[in-house]
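Asks: Structure file start.csv (CSV, C-alpha atoms) is given on the next line.
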chain,number,residue,atom,x,y,z
A,1,MET,CA,0.0,0.0,0.0
A,2,SER,CA,1.4,3.4,-0.9
A,3,ARG,CA,1.6,6.0,1.8
A,4,LYS,CA,-1.2,8.6,1.6
A,5,SER,CA,-1.3,11.6,3.9
A,6,LEU,CA,-4.4,12.1,6.0
A,7,CYS,CA,-6.7,14.8,4.8
A,8,ALA,CA,-8.9,17.0,6.9
A,9,ASP,CA,-11.9,14.8,6.1
A,10,ASP,CA,-10.1,11.7,7.4
A,11,LEU,CA,-9.2,13.4,10.6
A,12,GLU,CA,-12.7,14.7,11.1
A,13,MET,CA,-14.1,11.2,10.6
A,14,ILE,CA,-11.6,9.7,13.0
A,15,GLY,CA,-12.5,12.3,15.6
A,16,LYS,CA,-16.2,11.8,15.0
A,17,TYR,CA,-16.2,8.1,15.5
A,18,SER,CA,-13.2,7.4,17.8
A,19,ASP,CA,-15.2,7.3,21.1
A,20,LEU,CA,-18.0,5.3,19.6
A,21,VAL,CA,-15.6,2.6,18.2
A,22,TYR,CA,-13.5,2.5,21.4
A,23,ARG,CA,-16.6,2.2,23.7
A,24,MET,CA,-18.1,-0.6,21.5
A,25,ALA,CA,-14.8,-2.5,21.4
A,26,TYR,CA,-14.1,-2.1,25.1
A,27,SER,CA,-17.6,-3.2,26.0
A,28,LEU,CA,-17.2,-6.4,23.9
A,29,VAL,CA,-13.6,-7.5,24.6
A,30,LYS,CA,-13.6,-6.3,28.2
A,31,ASN,CA,-10.0,-5.0,28.3
A,32,ARG,CA,-8.4,-1.9,27.2
A,33,TYR,CA,-5.4,-3.5,25.4
A,34,ASP,CA,-7.6,-5.5,23.0
A,35,ALA,CA,-9.9,-2.5,22.6
A,36,ASP,CA,-6.9,-0.3,21.7
A,37,ASP,CA,-5.9,-2.8,19.0
A,38,ILE,CA,-9.4,-3.1,17.6
A,39,HIS,CA,-9.9,0.7,17.7
A,40,GLN,CA,-6.7,1.2,15.7
A,41,GLU,CA,-7.6,-1.6,13.2
A,42,VAL,CA,-11.0,-0.1,12.5
A,43,PHE,CA,-9.5,3.2,11.4
A,44,ILE,CA,-6.7,1.5,9.4
A,45,ARG,CA,-9.4,-0.3,7.5
A,46,TYR,CA,-11.3,2.9,7.0
A,47,LEU,CA,-8.2,4.6,5.6
A,48,ARG,CA,-7.4,1.7,3.4
A,49,LYS,CA,-10.9,1.3,2.0
A,50,ARG,CA,-12.1,4.9,2.1
A,51,PRO,CA,-15.7,3.8,1.8
A,52,GLU,CA,-18.4,6.0,0.3
A,53,PHE,CA,-21.3,6.5,2.7
A,54,GLU,CA,-24.9,7.3,1.7
A,55,ASN,CA,-25.7,9.2,4.9
A,56,PRO,CA,-24.5,9.7,8.5
A,57,ALA,CA,-26.5,6.7,9.7
A,58,HIS,CA,-24.7,4.5,7.1
A,59,GLU,CA,-21.4,5.9,8.3
A,60,LYS,CA,-22.1,5.1,11.9
A,61,ALA,CA,-23.4,1.6,11.0
A,62,TRP,CA,-20.2,0.9,9.0
A,63,PHE,CA,-18.0,1.8,12.0
A,64,LEU,CA,-20.1,-0.3,14.4
A,65,ARG,CA,-20.2,-3.3,12.0
A,66,VAL,CA,-16.4,-3.3,11.5
A,67,THR,CA,-15.9,-3.0,15.2
A,68,VAL,CA,-18.2,-5.9,16.0
A,69,ASN,CA,-16.6,-8.0,13.3
A,70,LEU,CA,-13.1,-7.4,14.6
A,71,CYS,CA,-14.2,-8.3,18.1
A,72,LYS,CA,-15.7,-11.6,16.8
A,73,ASN,CA,-12.5,-12.3,14.9
A,74,LEU,CA,-10.5,-11.8,18.1
A,75,TRP,CA,-12.7,-14.2,20.1
A,76,LYS,CA,-12.5,-16.8,17.3
A,77,ALA,CA,-8.7,-16.8,17.2
A,78,ALA,CA,-7.3,-20.2,18.2
A,79,TRP,CA,-4.5,-18.7,20.4
A,80,ARG,CA,-7.1,-16.7,22.2
A,81,GLN,CA,-9.1,-19.7,23.3
A,82,LYS,CA,-6.1,-21.2,25.0
A,83,THR,CA,-5.2,-18.2,27.1
A,84,ILE,CA,-6.4,-16.6,30.3
A,85,GLY,CA,-6.0,-13.0,31.2
A,86,LEU,CA,-3.4,-12.1,33.8
A,87,THR,CA,-6.1,-10.3,36.0
A,88,ASP,CA,-8.3,-13.4,35.7
A,89,TYR,CA,-5.4,-15.6,36.8
A,90,ALA,CA,-4.4,-13.3,39.6
A,91,ALA,CA,-8.0,-13.0,40.9
A,92,GLU,CA,-8.4,-16.8,40.9
A,93,ASN,CA,-5.0,-17.8,42.2
A,94,VAL,CA,-3.6,-14.9,44.2
A,95,GLY,CA,-6.7,-13.7,45.9
A,96,LEU,CA,-6.4,-10.0,45.2
A,97,PRO,CA,-8.5,-7.8,47.5
A,98,GLU,CA,-11.6,-6.5,45.8
A,99,GLU,CA,-12.0,-2.7,45.6
A,100,PRO,CA,-15.3,-1.3,46.5
A,101,GLU,CA,-17.3,-0.4,43.4
A,102,SER,CA,-19.9,2.1,42.7
A,103,GLU,CA,-23.4,1.0,41.6
A,104,SER,CA,-22.7,1.9,38.0
A,105,ASP,CA,-19.4,-0.1,38.1
A,106,GLN,CA,-21.3,-3.1,39.5
A,107,ILE,CA,-23.9,-2.8,36.7
A,108,ILE,CA,-21.1,-2.6,34.1
A,109,ALA,CA,-19.4,-5.7,35.6
A,110,ILE,CA,-22.7,-7.6,35.5
A,111,VAL,CA,-23.4,-6.6,31.9
A,112,LYS,CA,-19.9,-7.8,31.0
A,113,LYS,CA,-20.9,-11.2,32.4
A,114,LEU,CA,-23.7,-11.5,29.9
A,115,PRO,CA,-23.2,-13.7,26.8
A,116,GLN,CA,-21.7,-11.8,23.8
A,117,LYS,CA,-25.0,-11.7,21.8
A,118,TYR,CA,-26.7,-10.0,24.8
A,119,ARG,CA,-23.9,-7.6,25.6
A,120,ILE,CA,-23.8,-6.3,22.0
A,121,VAL,CA,-27.5,-5.5,21.8
A,122,ILE,CA,-27.5,-4.0,25.3
A,123,HIS,CA,-24.6,-1.8,24.4
A,124,LEU,CA,-26.0,-0.6,21.1
A,125,PHE,CA,-29.5,0.0,22.6
A,126,TYR,CA,-28.6,1.8,25.8
A,127,TYR,CA,-25.1,3.2,25.3
A,128,GLU,CA,-25.2,4.1,21.6
A,129,GLU,CA,-28.9,4.8,21.7
A,130,LEU,CA,-29.6,3.0,18.4
A,131,SER,CA,-33.2,1.9,17.6
A,132,ILE,CA,-34.0,-1.8,17.2
A,133,ASP,CA,-34.2,-1.4,13.4
A,134,GLU,CA,-30.7,0.3,13.4
A,135,ILE,CA,-29.3,-2.5,15.6
A,136,ALA,CA,-30.8,-5.1,13.2
A,137,LYS,CA,-29.0,-3.5,10.3
A,138,VAL,CA,-25.7,-3.2,12.1
A,139,LEU,CA,-25.8,-6.8,13.3
A,140,ARG,CA,-27.5,-8.1,10.1
A,141,MET,CA,-30.4,-9.6,12.0
A,142,LYS,CA,-34.1,-9.4,11.9
A,143,PRO,CA,-35.6,-6.7,14.2
A,144,SER,CA,-37.6,-9.5,16.0
A,145,THR,CA,-34.4,-11.2,16.8
A,146,VAL,CA,-33.0,-8.0,18.3
A,147,ARG,CA,-36.1,-7.5,20.3
A,148,THR,CA,-35.9,-11.1,21.6
A,149,GLN,CA,-32.3,-10.7,22.6
A,150,LEU,CA,-33.0,-7.4,24.4
A,151,THR,CA,-35.8,-9.0,26.3
A,152,ARG,CA,-33.7,-12.0,27.3
A,153,ALA,CA,-30.8,-9.7,28.2
A,154,ARG,CA,-33.0,-7.6,30.4
A,155,ALA,CA,-34.4,-10.7,32.1
A,156,ARG,CA,-30.9,-11.9,32.9
A,157,LEU,CA,-29.8,-8.5,34.1
A,158,LYS,CA,-32.9,-8.4,36.4
A,159,ILE,CA,-31.9,-11.8,37.9
A,160,LEU,CA,-28.2,-10.9,38.3
A,161,LEU,CA,-29.0,-7.5,39.8
A,162,GLY,CA,-31.7,-9.0,42.1
A,163,ARG,CA,-34.1,-6.2,41.2
A,164,ASP,CA,-37.7,-6.0,40.1
A,165,GLU,CA,-37.0,-3.5,37.4
A,166,VAL,CA,-34.2,-2.8,34.9
Write out the structure in this file as structure tokens.
Replies:
Amino acid sequence: MSRKSLCADDLEMIGKYSDLVYRMAYSLVKNRYDADDIHQEVFIRYLRKRPEFENPAHEKAWFLRVTVNLCKNLWKAAWRQKTIGLTDYAAENVGLPEEPESESDQIIAIVKKLPQKYRIVIHLFYYEELSIDEIAKVLRMKPSTVRTQLTRARARLKILLGRDEV
């Protein structure tokens, strides 16, 4: 690939979607190092492809779709399935003292325990404020499937949180 310099439009696009991509990656992979790698790879792909977008919604959907795909690729990697994170190992074997968490930290920790398919729809619906139809387009699912996954995710959260409402 030949070296191309970044133009103002590229910098604007990176600035516009940087937080969105990072939040999505972090919420799915659960650690900042992998989220950093995915964040960087999304924008490398953007700069290599330079896709043409129909509208701002299509732009946003493209960045979310690429982020989700890269996260899935990371989870499928053979080396990944045979490793355990250092913090997971330390927590299990060393018995690190737990720090007191705020209620929002506890909720985030519980959301991270949900299966991947539920974490994705919860994140897109509540954090990115996408509609069910927009989520369906990003994830290439039927809207009814998204609604079902949201309902099941909320039910699991309600049980995990021990609350009557979510």
Asks: Determine, counting only C-alpha atoms, which protein, DNA and RNA residues have an atom within 9 Å of an atom of A:Leu74; residues of the same chain fewer than 5 positions away are not included. Present the result as a ChimeraX atom specification.
Replies: /A:29,34,38,69,80
Asks: Fewer than 2 positions away in the same chain doesn't count, so skip those; otherwise give me all residues within 12 Å of A:His123, counting all atoms listed in the file, as a short mmCIF file (atom, residue, chain, number, x, y, z; two decimals) with C-alpha atoms, keeping the file's coordinate frame.
Replies:
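Once written, result_11.cif looks like this:
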data_model
loop_
_atom_site.label_atom_id
_atom_site.label_comp_id
_atom_site.auth_asym_id
_atom_site.auth_seq_id
_atom_site.Cartn_x
_atom_site.Cartn_y
_atom_site.Cartn_z
CA LEU A 20 -18.00 5.30 19.60
CA VAL A 21 -15.60 2.60 18.20
CA ARG A 23 -16.60 2.20 23.70
CA MET A 24 -18.10 -0.60 21.50
CA ALA A 25 -14.80 -2.50 21.40
CA TYR A 26 -14.10 -2.10 25.10
CA SER A 27 -17.60 -3.20 26.00
CA LEU A 28 -17.20 -6.40 23.90
CA LEU A 64 -20.10 -0.30 14.40
CA VAL A 68 -18.20 -5.90 16.00
CA ILE A 108 -21.10 -2.60 34.10
CA VAL A 111 -23.40 -6.60 31.90
CA LYS A 112 -19.90 -7.80 31.00
CA LEU A 114 -23.70 -11.50 29.90
CA GLN A 116 -21.70 -11.80 23.80
CA LYS A 117 -25.00 -11.70 21.80
CA TYR A 118 -26.70 -10.00 24.80
CA ARG A 119 -23.90 -7.60 25.60
CA ILE A 120 -23.80 -6.30 22.00
CA VAL A 121 -27.50 -5.50 21.80
CA PHE A 125 -29.50 0.00 22.60
CA TYR A 126 -28.60 1.80 25.80
CA TYR A 127 -25.10 3.20 25.30
CA GLU A 128 -25.20 4.10 21.60
CA GLU A 129 -28.90 4.80 21.70
CA LEU A 130 -29.60 3.00 18.40
CA SER A 131 -33.20 1.90 17.60
CA ILE A 132 -34.00 -1.80 17.20
CA ILE A 135 -29.30 -2.50 15.60
CA GLN A 149 -32.30 -10.70 22.60
CA LEU A 150 -33.00 -7.40 24.40
CA ALA A 153 -30.80 -9.70 28.20
CA ARG A 154 -33.00 -7.60 30.40
#
Asks: Between A:Ala8, A:Ala109, A:Pro56, A:Thr145, which is the closest to A:Asn31 once you count all atoms listed in the file?
Replies: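 Distance minimum relative to A:Asn31 lands on A:Ala109.
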Asks: How far is it from atom CA of A:Lys137 to atom CA of A:Lys49, in Å with one decimal?
Replies: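 For atom CA of A:Lys137 relative to atom CA of A:Lys49, the distance reads 20.5 Å.
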Asks: For a test of reading the model, state the distance in Å between atom CA of A:Arg48 and atom CA of A:Tyr22, rounded to one decimal.
Replies: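 We find that atom CA of A:Arg48 and atom CA of A:Tyr22 lie 19.0 Å from each other.
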Asks: Nearest residue to A:Lys16 out of A:Glu59, A:Leu161, A:Arg152, A:Pro143, using only C-alpha atoms?
Replies: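 Between A:Glu59, A:Leu161, A:Arg152, A:Pro143, the residue approaching A:Lys16 most closely is A:Glu59.
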Asks: Compile the contact shell of A:Ile107 as a PDB file with C-alpha atoms, keeping the file's coordinate frame: residues with an atom at most 10 Å away, counting all atoms listed in the file, same-chain residues fewer than 6 positions apart removed.
Replies:
ATOM      1  CA  GLU A 101     -17.300  -0.400  43.400  1.00  0.00           C
ATOM      2  CA  LYS A 113     -20.900 -11.200  32.400  1.00  0.00           C
ATOM      3  CA  LEU A 157     -29.800  -8.500  34.100  1.00  0.00           C
ATOM      4  CA  LEU A 160     -28.200 -10.900  38.300  1.00  0.00           C
ATOM      5  CA  LEU A 161     -29.000  -7.500  39.800  1.00  0.00           C
TER       6      LEU A 161
END
Asks: Quick check, in Å to one decimal: how far apart do atom CA of A:Glu54 and atom CA of A:Met13 lie?
Replies: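 One can read the atom CA of A:Glu54 to atom CA of A:Met13 distance as 14.5 Å.
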